[in-house]
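A.B. asks: For reference, the file data-v5.txt (compact mmCIF, C-alpha atoms) is included below:
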```
# COMPACT_ATOMS: atom_id res chain seq x y z
CA MET J 1 14.62 15.75 -16.94
CA LYS J 2 12.28 17.88 -14.85
CA TYR J 3 8.84 16.34 -14.38
CA ASN J 4 5.74 18.48 -13.95
CA PHE J 5 3.67 17.16 -11.06
CA ASP J 6 1.63 20.37 -10.96
CA GLU J 7 -0.11 19.50 -14.23
CA ILE J 8 -3.84 18.80 -13.87
CA ILE J 9 -4.74 15.66 -15.83
CA ASP J 10 -8.39 15.06 -16.71
CA ARG J 11 -9.16 11.54 -15.54
CA SER J 12 -12.92 11.73 -16.08
CA THR J 13 -12.78 9.73 -19.33
CA SER J 14 -10.34 7.07 -18.11
CA HIS J 15 -12.87 4.99 -16.14
CA CYS J 16 -10.83 5.41 -12.95
CA VAL J 17 -12.27 4.06 -9.71
CA LYS J 18 -11.77 7.25 -7.70
CA ILE J 19 -14.19 9.10 -9.99
CA GLU J 20 -16.50 6.38 -11.30
CA LYS J 21 -17.27 5.04 -7.81
CA LEU J 22 -17.95 8.39 -6.10
CA LYS J 23 -21.74 8.10 -6.35
CA ALA J 24 -21.80 4.50 -5.14
CA VAL J 25 -19.50 5.08 -2.17
CA PHE J 26 -20.29 8.65 -1.10
CA GLY J 27 -23.81 9.18 -2.44
CA ARG J 28 -22.76 12.03 -4.71
CA ASP J 29 -20.33 12.63 -7.54
CA ASP J 30 -19.52 16.34 -7.16
CA LEU J 31 -16.59 15.67 -4.83
CA LEU J 32 -12.86 16.29 -5.09
CA PRO J 33 -11.56 12.68 -5.09
CA LEU J 34 -8.72 12.24 -2.62
CA TRP J 35 -9.39 8.69 -1.52
CA VAL J 36 -8.36 5.70 -3.72
CA ALA J 37 -4.62 5.08 -3.37
CA ASP J 38 -3.45 5.90 -6.83
CA MET J 39 -1.96 9.22 -7.95
CA ASP J 40 -3.12 11.94 -10.33
CA PHE J 41 0.30 12.20 -11.99
CA LEU J 42 1.43 10.94 -15.37
CA SER J 43 3.51 7.79 -15.03
CA PRO J 44 7.17 7.97 -16.10
CA PRO J 45 7.51 8.60 -19.84
CA ALA J 46 9.77 5.54 -20.14
CA ILE J 47 6.84 3.30 -19.22
CA THR J 48 4.55 4.92 -21.77
CA GLU J 49 7.19 4.65 -24.47
CA ALA J 50 7.89 1.00 -23.69
CA LEU J 51 4.18 0.17 -23.85
CA LEU J 52 3.76 2.08 -27.11
CA GLU J 53 6.77 0.34 -28.62
CA ARG J 54 5.39 -3.05 -27.65
CA THR J 55 1.97 -2.08 -29.02
CA ARG J 56 3.46 -1.11 -32.38
CA HIS J 57 4.55 -4.71 -32.85
CA GLY J 58 0.90 -5.50 -33.41
CA ILE J 59 0.82 -9.12 -32.25
CA PHE J 60 -0.26 -9.82 -28.69
CA GLY J 61 0.04 -13.57 -28.34
CA TYR J 62 0.94 -15.71 -25.37
CA THR J 63 4.01 -14.41 -23.62
CA VAL J 64 6.60 -15.28 -21.00
CA PRO J 65 8.78 -12.97 -18.89
CA ASN J 66 12.22 -12.47 -20.39
CA ASP J 67 15.52 -12.13 -18.56
CA GLY J 68 15.24 -8.34 -18.70
CA TYR J 69 12.07 -8.48 -16.60
CA TYR J 70 13.73 -10.50 -13.86
CA GLU J 71 16.96 -8.51 -14.02
CA SER J 72 15.06 -5.25 -13.57
CA ILE J 73 13.47 -6.53 -10.35
CA ILE J 74 16.71 -8.05 -9.04
CA ASN J 75 18.72 -4.90 -9.71
CA TRP J 76 16.06 -2.58 -8.32
CA LEU J 77 15.76 -4.48 -5.05
CA LYS J 78 19.53 -4.65 -4.68
CA ASN J 79 20.16 -0.98 -5.46
CA ARG J 80 17.12 0.52 -3.76
CA HIS J 81 16.76 -1.75 -0.72
CA ASN J 82 20.03 -3.70 -0.46
CA TYR J 83 17.90 -6.82 -0.88
CA GLU J 84 19.43 -9.66 -2.87
CA VAL J 85 17.08 -12.07 -4.63
CA LYS J 86 17.52 -14.72 -7.29
CA GLN J 87 15.42 -15.17 -10.39
CA ASP J 88 13.95 -18.48 -9.25
CA GLU J 89 12.73 -16.85 -6.02
CA ILE J 90 10.46 -14.43 -7.91
CA THR J 91 7.02 -15.23 -9.25
CA PHE J 92 4.46 -13.00 -10.94
CA VAL J 93 1.16 -12.65 -9.06
CA PRO J 94 -1.97 -10.89 -10.37
CA GLY J 95 -2.13 -8.28 -7.60
CA VAL J 96 -1.02 -8.04 -3.98
CA VAL J 97 -4.53 -8.55 -2.56
CA LYS J 98 -5.00 -11.65 -4.69
CA ALA J 99 -1.54 -12.83 -3.66
CA PHE J 100 -2.25 -12.79 0.05
CA ALA J 101 -5.67 -14.34 -0.62
CA PHE J 102 -3.84 -17.19 -2.36
CA ALA J 103 -1.51 -17.50 0.64
CA ILE J 104 -4.52 -17.79 2.95
CA ASP J 105 -5.89 -20.57 0.75
CA VAL J 106 -2.56 -22.40 0.64
CA PHE J 107 -1.31 -22.14 4.19
CA THR J 108 -4.48 -22.05 6.30
CA LYS J 109 -7.84 -23.77 6.40
CA GLU J 110 -11.35 -22.61 7.23
CA ASN J 111 -11.77 -21.17 10.75
CA ASP J 112 -8.03 -20.76 11.21
CA LYS J 113 -7.00 -17.55 12.94
CA ILE J 114 -5.06 -14.82 11.15
CA ILE J 115 -3.54 -11.79 12.85
CA ILE J 116 -3.78 -8.27 11.47
CA GLN J 117 -2.72 -4.98 13.09
CA PRO J 118 -5.39 -2.30 12.69
CA PRO J 119 -5.91 0.38 11.69
CA VAL J 120 -4.70 -1.30 8.53
CA TYR J 121 -5.45 -1.73 4.83
CA HIS J 122 -9.01 -3.01 4.88
CA PRO J 123 -8.69 -5.97 2.46
CA PHE J 124 -6.57 -7.67 5.15
CA ARG J 125 -9.77 -8.00 7.17
CA ILE J 126 -12.29 -8.33 4.35
CA VAL J 127 -10.45 -11.03 2.40
CA THR J 128 -9.68 -13.04 5.53
CA GLN J 129 -13.31 -13.04 6.60
CA SER J 130 -14.55 -13.74 3.07
CA LEU J 131 -12.40 -16.87 3.00
CA ASN J 132 -14.01 -18.03 6.25
CA ARG J 133 -10.97 -17.47 8.43
CA GLN J 134 -11.07 -15.71 11.79
CA VAL J 135 -9.50 -12.27 12.12
CA VAL J 136 -7.52 -11.68 15.29
CA ASN J 137 -6.76 -8.00 15.87
CA ASN J 138 -3.58 -6.77 17.48
CA PRO J 139 -4.15 -3.00 17.28
CA LEU J 140 -1.22 -0.68 16.80
CA ILE J 141 -0.48 1.85 19.50
CA LEU J 142 -0.52 5.53 18.54
CA GLU J 143 1.98 7.29 20.77
CA ASN J 144 3.37 10.81 20.36
CA GLY J 145 2.07 11.00 16.83
CA ARG J 146 3.68 7.72 15.73
CA GLN J 147 2.31 4.22 15.53
CA ARG J 148 4.10 1.23 17.01
CA ILE J 149 3.50 -2.50 17.26
CA ASP J 150 2.03 -3.74 20.53
CA PHE J 151 4.37 -6.66 21.12
CA ASP J 152 2.96 -7.41 24.58
CA GLY J 153 -0.50 -7.58 23.05
CA LEU J 154 0.79 -9.80 20.26
CA ARG J 155 2.34 -12.27 22.69
CA LYS J 156 -0.89 -12.36 24.71
CA ILE J 157 -2.96 -13.00 21.58
CA ILE J 158 -0.67 -15.82 20.52
CA ALA J 159 -0.76 -17.37 23.98
CA GLU J 160 -4.56 -17.40 23.89
CA ASN J 161 -5.12 -18.33 20.24
CA ASP J 162 -3.79 -20.89 17.79
CA CYS J 163 -2.88 -18.41 15.05
CA LYS J 164 -1.52 -19.57 11.69
CA MET J 165 -0.62 -16.37 9.85
CA LEU J 166 0.12 -12.69 10.32
CA ILE J 167 -0.51 -10.33 7.41
CA PHE J 168 1.95 -7.49 7.78
CA CYS J 169 1.82 -4.04 6.16
CA SER J 170 5.28 -2.56 5.60
CA PRO J 171 5.42 0.40 5.20
CA HIS J 172 2.13 0.78 6.96
CA ASN J 173 -1.12 1.88 5.36
CA PRO J 174 -2.83 4.10 6.53
CA GLY J 175 -0.36 5.33 9.14
CA GLY J 176 2.71 5.61 6.94
CA ARG J 177 5.07 3.98 9.44
CA VAL J 178 8.43 2.68 8.26
CA TRP J 179 9.23 -0.07 10.73
CA ASP J 180 12.58 -0.06 12.53
CA GLU J 181 14.94 -3.00 12.18
CA ASP J 182 14.53 -3.90 15.86
CA GLU J 183 10.76 -4.02 15.47
CA LEU J 184 11.04 -6.26 12.43
CA LYS J 185 13.47 -8.59 14.19
CA GLU J 186 11.19 -8.91 17.20
CA LEU J 187 8.19 -9.62 15.00
CA ALA J 188 10.17 -12.23 13.06
CA GLU J 189 11.30 -13.91 16.27
CA ILE J 190 7.80 -14.09 17.74
CA CYS J 191 6.18 -15.42 14.58
CA TYR J 192 8.89 -17.98 13.79
CA ASP J 193 8.93 -19.35 17.33
CA ASN J 194 5.15 -19.76 17.27
CA ASN J 195 4.91 -21.20 13.75
CA ILE J 196 2.99 -18.19 12.42
CA LEU J 197 3.69 -17.45 8.75
CA VAL J 198 4.30 -13.78 7.92
CA VAL J 199 2.86 -12.48 4.66
CA SER J 200 4.49 -9.09 4.21
CA ASP J 201 2.70 -6.61 1.96
CA GLU J 202 5.47 -4.23 0.87
CA ILE J 203 3.72 -2.54 -2.03
CA HIS J 204 4.67 0.90 -0.65
CA ALA J 205 8.34 -0.02 -0.13
CA ASP J 206 9.64 2.41 -2.76
CA LEU J 207 7.62 5.36 -1.46
CA VAL J 208 9.76 6.03 1.60
CA LEU J 209 10.24 9.72 2.36
CA SER J 210 13.44 11.60 3.18
CA GLY J 211 15.13 10.57 6.42
CA PHE J 212 13.71 7.04 6.49
CA ASN J 213 14.81 3.71 5.07
CA HIS J 214 12.62 0.74 4.24
CA ARG J 215 14.03 -2.58 5.39
CA PRO J 216 12.36 -5.57 3.72
CA PHE J 217 11.05 -7.85 6.47
CA VAL J 218 12.79 -10.88 5.00
CA THR J 219 16.25 -9.32 5.35
CA VAL J 220 16.36 -8.78 9.12
CA SER J 221 17.11 -12.35 10.20
CA GLU J 222 17.27 -15.95 9.10
CA LYS J 223 14.00 -16.58 10.92
CA ALA J 224 12.34 -13.85 8.86
CA ARG J 225 13.81 -15.28 5.66
CA GLU J 226 12.58 -18.80 6.34
CA ASN J 227 9.13 -17.85 7.55
CA SER J 228 7.76 -15.22 5.19
CA ILE J 229 6.35 -14.36 1.81
CA THR J 230 7.14 -10.89 0.46
CA LEU J 231 4.68 -9.18 -1.88
CA MET J 232 5.82 -6.21 -3.96
CA ALA J 233 4.90 -4.29 -7.12
CA PRO J 234 5.84 -1.23 -9.15
CA SER J 235 2.16 -0.26 -9.22
CA LYS J 236 1.93 2.27 -6.37
CA THR J 237 5.44 3.55 -7.00
CA PHE J 238 4.99 4.45 -10.65
CA ASN J 239 1.21 4.94 -10.72
CA ILE J 240 0.46 1.88 -12.85
CA ALA J 241 -2.05 0.07 -10.63
CA GLY J 242 -4.25 -0.59 -13.66
CA ILE J 243 -1.43 -2.67 -15.15
CA VAL J 244 -1.39 -5.71 -12.93
CA SER J 245 2.31 -6.07 -12.20
CA SER J 246 2.82 -7.56 -8.73
CA PHE J 247 5.28 -10.25 -7.74
CA ALA J 248 6.03 -12.49 -4.77
CA VAL J 249 9.48 -13.34 -3.43
CA ILE J 250 9.83 -16.56 -1.42
CA HIS J 251 13.19 -17.86 -0.20
CA ASN J 252 12.03 -20.91 1.71
CA LYS J 253 11.85 -23.64 -0.94
CA GLU J 254 9.16 -25.62 0.87
CA LEU J 255 6.91 -22.55 1.18
CA GLN J 256 7.60 -21.64 -2.44
CA LYS J 257 6.74 -25.12 -3.67
CA LYS J 258 3.41 -25.11 -1.83
CA TYR J 259 2.56 -21.65 -3.09
CA LEU J 260 3.46 -22.43 -6.70
CA ASN J 261 1.61 -25.73 -6.54
CA PHE J 262 -1.51 -23.65 -5.96
CA LEU J 263 -0.75 -20.93 -8.51
CA SER J 264 0.64 -22.96 -11.41
CA PRO J 265 -2.26 -25.33 -12.17
CA ARG J 266 -4.60 -22.32 -12.19
CA GLU J 267 -2.15 -20.24 -14.26
CA LEU J 268 -2.32 -17.53 -11.61
CA ASN J 269 1.41 -16.91 -12.00
CA GLN J 270 1.06 -16.19 -15.72
CA GLY J 271 1.59 -12.50 -16.37
CA THR J 272 0.61 -10.33 -19.31
CA ILE J 273 2.62 -8.65 -22.04
CA PHE J 274 2.02 -5.21 -20.61
CA ALA J 275 2.77 -6.22 -17.02
CA PHE J 276 6.22 -7.48 -17.97
CA THR J 277 6.90 -4.53 -20.27
CA ALA J 278 5.84 -1.88 -17.76
CA THR J 279 7.71 -3.49 -14.86
CA GLU J 280 10.97 -3.70 -16.76
CA ALA J 281 10.70 -0.10 -18.00
CA ALA J 282 9.78 1.22 -14.54
CA TYR J 283 12.63 -0.44 -12.70
CA LYS J 284 15.22 0.26 -15.39
CA HIS J 285 14.34 3.88 -16.17
CA GLY J 286 12.03 5.23 -13.46
CA GLU J 287 14.40 6.16 -10.64
CA GLU J 288 14.86 9.83 -11.51
CA TRP J 289 11.10 10.27 -11.86
CA LEU J 290 10.55 8.57 -8.49
CA ASP J 291 13.07 10.75 -6.67
CA GLN J 292 11.35 13.89 -7.97
CA LEU J 293 7.94 12.44 -7.09
CA LEU J 294 8.99 11.81 -3.50
CA ASP J 295 10.20 15.40 -3.17
CA TYR J 296 6.85 16.63 -4.47
CA VAL J 297 4.84 14.38 -2.17
CA GLN J 298 6.92 15.53 0.80
CA LYS J 299 6.11 19.16 -0.05
CA ASN J 300 2.41 18.30 -0.24
CA ILE J 301 2.56 16.66 3.18
CA ASP J 302 4.39 19.66 4.62
CA PHE J 303 1.73 21.96 3.13
CA VAL J 304 -1.10 19.96 4.68
CA ASP J 305 0.61 19.94 8.07
CA SER J 306 1.33 23.67 7.99
CA PHE J 307 -2.15 24.61 6.77
CA LEU J 308 -3.93 22.57 9.43
CA LYS J 309 -1.72 23.84 12.25
CA LYS J 310 -2.49 27.40 11.21
CA ASN J 311 -6.14 27.13 10.23
CA ILE J 312 -7.65 23.95 11.70
CA PRO J 313 -5.46 22.99 14.68
CA GLN J 314 -8.08 20.49 15.89
CA ILE J 315 -7.03 18.21 13.02
CA LYS J 316 -3.58 16.70 13.52
CA VAL J 317 -1.40 15.15 10.83
CA ILE J 318 0.12 11.79 11.70
CA ARG J 319 3.18 12.51 9.59
CA PRO J 320 3.84 9.62 7.20
CA GLU J 321 7.33 8.24 6.88
CA ALA J 322 6.33 6.63 3.60
CA THR J 323 3.47 6.67 1.05
CA PHE J 324 1.42 9.52 -0.39
CA LEU J 325 -1.30 8.86 2.19
CA VAL J 326 -1.86 11.09 5.22
CA TRP J 327 -3.65 9.83 8.32
CA LEU J 328 -5.63 12.74 9.78
CA ASP J 329 -6.49 12.70 13.48
CA CYS J 330 -9.79 14.57 13.68
CA ARG J 331 -10.77 13.53 17.20
CA GLU J 332 -10.42 17.02 18.68
CA LEU J 333 -13.31 18.15 16.50
CA GLY J 334 -15.48 16.12 18.87
CA LEU J 335 -17.69 14.77 16.08
CA PRO J 336 -19.17 11.28 15.93
CA GLN J 337 -17.89 9.43 12.87
CA ARG J 338 -21.12 9.92 10.95
CA GLU J 339 -20.94 13.67 11.45
CA LEU J 340 -17.24 13.71 10.62
CA ILE J 341 -17.96 12.01 7.30
CA ASP J 342 -20.82 14.45 6.67
CA LEU J 343 -18.45 17.36 7.28
CA PHE J 344 -15.97 16.14 4.67
CA VAL J 345 -18.44 14.84 2.10
CA ASN J 346 -21.53 17.03 2.20
CA LYS J 347 -20.13 20.27 3.56
CA ALA J 348 -16.54 20.36 2.26
CA LYS J 349 -17.33 18.34 -0.91
CA LEU J 350 -14.31 16.07 -0.38
CA ALA J 351 -13.94 12.33 -0.89
CA LEU J 352 -11.50 10.95 1.69
CA ASN J 353 -11.39 7.46 3.16
CA ASP J 354 -13.44 7.01 6.32
CA GLY J 355 -11.00 5.97 9.05
CA THR J 356 -13.26 3.21 10.34
CA VAL J 357 -12.81 1.32 7.06
CA PHE J 358 -9.38 0.42 8.42
CA GLY J 359 -10.85 -0.91 11.68
CA ARG J 360 -12.66 0.53 14.66
CA GLU J 361 -9.30 1.97 15.73
CA GLY J 362 -9.78 4.43 12.87
CA GLU J 363 -12.73 6.15 14.49
CA GLY J 364 -12.12 9.89 14.51
CA PHE J 365 -9.64 9.63 11.62
CA MET J 366 -9.76 10.23 7.87
CA ARG J 367 -7.22 9.19 5.21
CA LEU J 368 -6.13 11.84 2.72
CA ASN J 369 -4.39 11.03 -0.58
CA VAL J 370 -1.85 13.77 -1.37
CA GLY J 371 -0.66 12.12 -4.58
CA THR J 372 -2.21 14.94 -6.56
CA PRO J 373 -1.19 18.42 -7.75
CA LEU J 374 -0.70 20.91 -4.92
CA SER J 375 -3.51 23.08 -6.28
CA ASN J 376 -5.97 20.25 -5.53
CA ILE J 377 -4.64 19.99 -1.98
CA GLY J 378 -5.00 23.74 -1.50
CA LYS J 379 -8.57 23.68 -2.79
CA ALA J 380 -9.46 20.74 -0.56
CA LEU J 381 -8.12 22.37 2.58
CA GLU J 382 -9.82 25.68 1.81
CA ASN J 383 -13.10 23.77 1.33
CA LEU J 384 -12.61 22.10 4.69
CA LYS J 385 -11.76 25.39 6.38
CA SER J 386 -14.90 27.03 4.96
CA ALA J 387 -17.09 24.07 5.92
CA LEU J 388 -15.89 24.25 9.51
CA SER J 389 -16.32 28.01 9.74
CA GLU J 390 -19.88 27.66 8.52
```
In structure tokens, how does this file's structure come out?
C.D. replies:
Amino acid sequence: MKYNFDEIIDRSTSHCVKIEKLKAVFGRDDLLPLWVADMDFLSPPAITEALLERTRHGIFGYTVPNDGYYESIINWLKNRHNYEVKQDEITFVPGVVKAFAFAIDVFTKENDKIIIQPPVYHPFRIVTQSLNRQVVNNPLILENGRQRIDFDGLRKIIAENDCKMLIFCSPHNPGGRVWDEDELKELAEICYDNNILVVSDEIHADLVLSGFNHRPFVTVSEKARENSITLMAPSKTFNIAGIVSSFAVIHNKELQKKYLNFLSPRELNQGTIFAFTATEAAYKHGEEWLDQLLDYVQKNIDFVDSFLKKNIPQIKVIRPEATFLVWLDCRELGLPQRELIDLFVNKAKLALNDGTVFGREGEGFMRLNVGTPLSNIGKALENLKSALSE
């Protein structure tokens, strides 16, 4: 089946965050929304049909995940990532952000130090601070248009601080890096040897672009396997973020027991009818849709890169290796961050993510969501070109 990702879908009546929150976040609501990390594409028809079929039953009582739910996850991870898991190593969690917040509650105490690697997904910082833990930054190094982990900096931080956890973003958001196996092994070694638990957010694992291969952190070594919690979901992959469908995989039985001892009494590992239904349908029937989506996203990224090189060479694309998010290096424009935001919002009428949301290392950057029809991307870039010329 050929899927039409060029179709413009009216989302204005669907109560979506990227439209409803424009006024609150940007001060105006007449913007082209290219910020929140969901896509403007219809989800795979198989998911819609599965949800409709379940709805037709008409009774929505208490539910449990069936074998088909677990089998869909197990088979997907094996076939897509060569990652073998067992049913009893999987647990539903009500969102990846909530899941690493639970891990912070379980495995650390107030004032403990937690490492993050900015610029990085902002809830890593916000949730950690909100739970009265200390954030320790080990900034990534941007080198030749590609981010890398500062292992020397990480070792120095660990030598000077009693850190308990590292929250890891793989693939990386906002930079789009797909980490190499050697990098993952080194990170696993350092954290295991220093008793620092790795919580690996791999929600973008399935959105790896052509030429790259996502390696789940847990698979690179025994130390990684014994000292990590992996968080995944079909939500970003199949554009079903509004259906809370995340899950955690934990191989270390002691870690799993502690985690479940927190979740179970609070029923935080109890999923919903639609979460189980959508997950099973996505992983069983969504692969063809996903492959076509990735081709489309790659073309959008190529278009952005080509357009900027030709028309606005001061803005550089940090080419993502995964995700539908593009990290734009705007530093050559020479604008303070406030003026950079004003350029995008008030002059170009575009809603992108301010780079500093991801840490001070994001100053001079903006994050662009290209998970939208190409016509929207073209309009956005023409707006930006006109705003700069004026």
A.B. asks: Have a look at atom CA of J:Ala281 and atom CA of J:Ala50 and let me know their distance in Å, one decimal.
C.D. replies: 6.4 Å
A.B. asks: One decimal, Å: what's the distance from atom CA of J:Trp327 over to atom CA of J:Met366, could you say?
C.D. replies: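 Going from atom CA of J:Trp327 over to atom CA of J:Met366, I get 6.1 Å.
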A.B. asks: State, in Å with one decimal place, the distance from atom CA of J:Arg155 to atom CA of J:Tyr121.
C.D. replies: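 We find that atom CA of J:Arg155 and atom CA of J:Tyr121 lie 22.2 Å from each other.
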A.B. asks: In terms of the shortest atom-to-atom distance over only C-alpha atoms, which of J:Leu335, J:Ile149, J:Leu384, J:Val97 is closest to J:Ser246?
C.D. replies: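 Once distances to J:Ser246 are computed over only C-alpha atoms, the minimum belongs to J:Val97.
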A.B. asks: Need the shell around J:Leu294: protein/DNA/RNA residues with any atom at most 12 Å away, counting all atoms listed in the file. Skip same-chain ones fewer than 5 positions apart. Format as JSON, numbers by chain?
C.D. replies: {"J": [3, 5, 206, 207, 208, 209, 210, 211, 237, 238, 287, 288, 289, 299, 300, 301, 321, 322, 323, 324, 370, 371]}
A.B. asks: Need the neighbours of (13.1, 6.0, 7.7): which residues are at most 6 Å away, counting only C-alpha atoms, as a VMD selection string?
C.D. replies: chain J and resid 178 211 to 213
A.B. asks: Report, as JSON, the centre and edge lengths in Å (one decimal) of the axis-aligned box enclosing every listed atom of stretch 329-348 of chain J, padded by 8 Å on each side.
C.D. replies:
```
{"center_x": -14.0, "center_y": 14.9, "center_z": 10.5, "size_x": 31.0, "size_y": 26.9, "size_z": 32.8}
```
A.B. asks: With distances taken over only C-alpha atoms, which of J:Pro171, J:Gln314, J:Leu22, J:Phe102 is nearest to J:Arg266?
C.D. replies: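 Between J:Pro171, J:Gln314, J:Leu22, J:Phe102, the residue approaching J:Arg266 most closely is J:Phe102.
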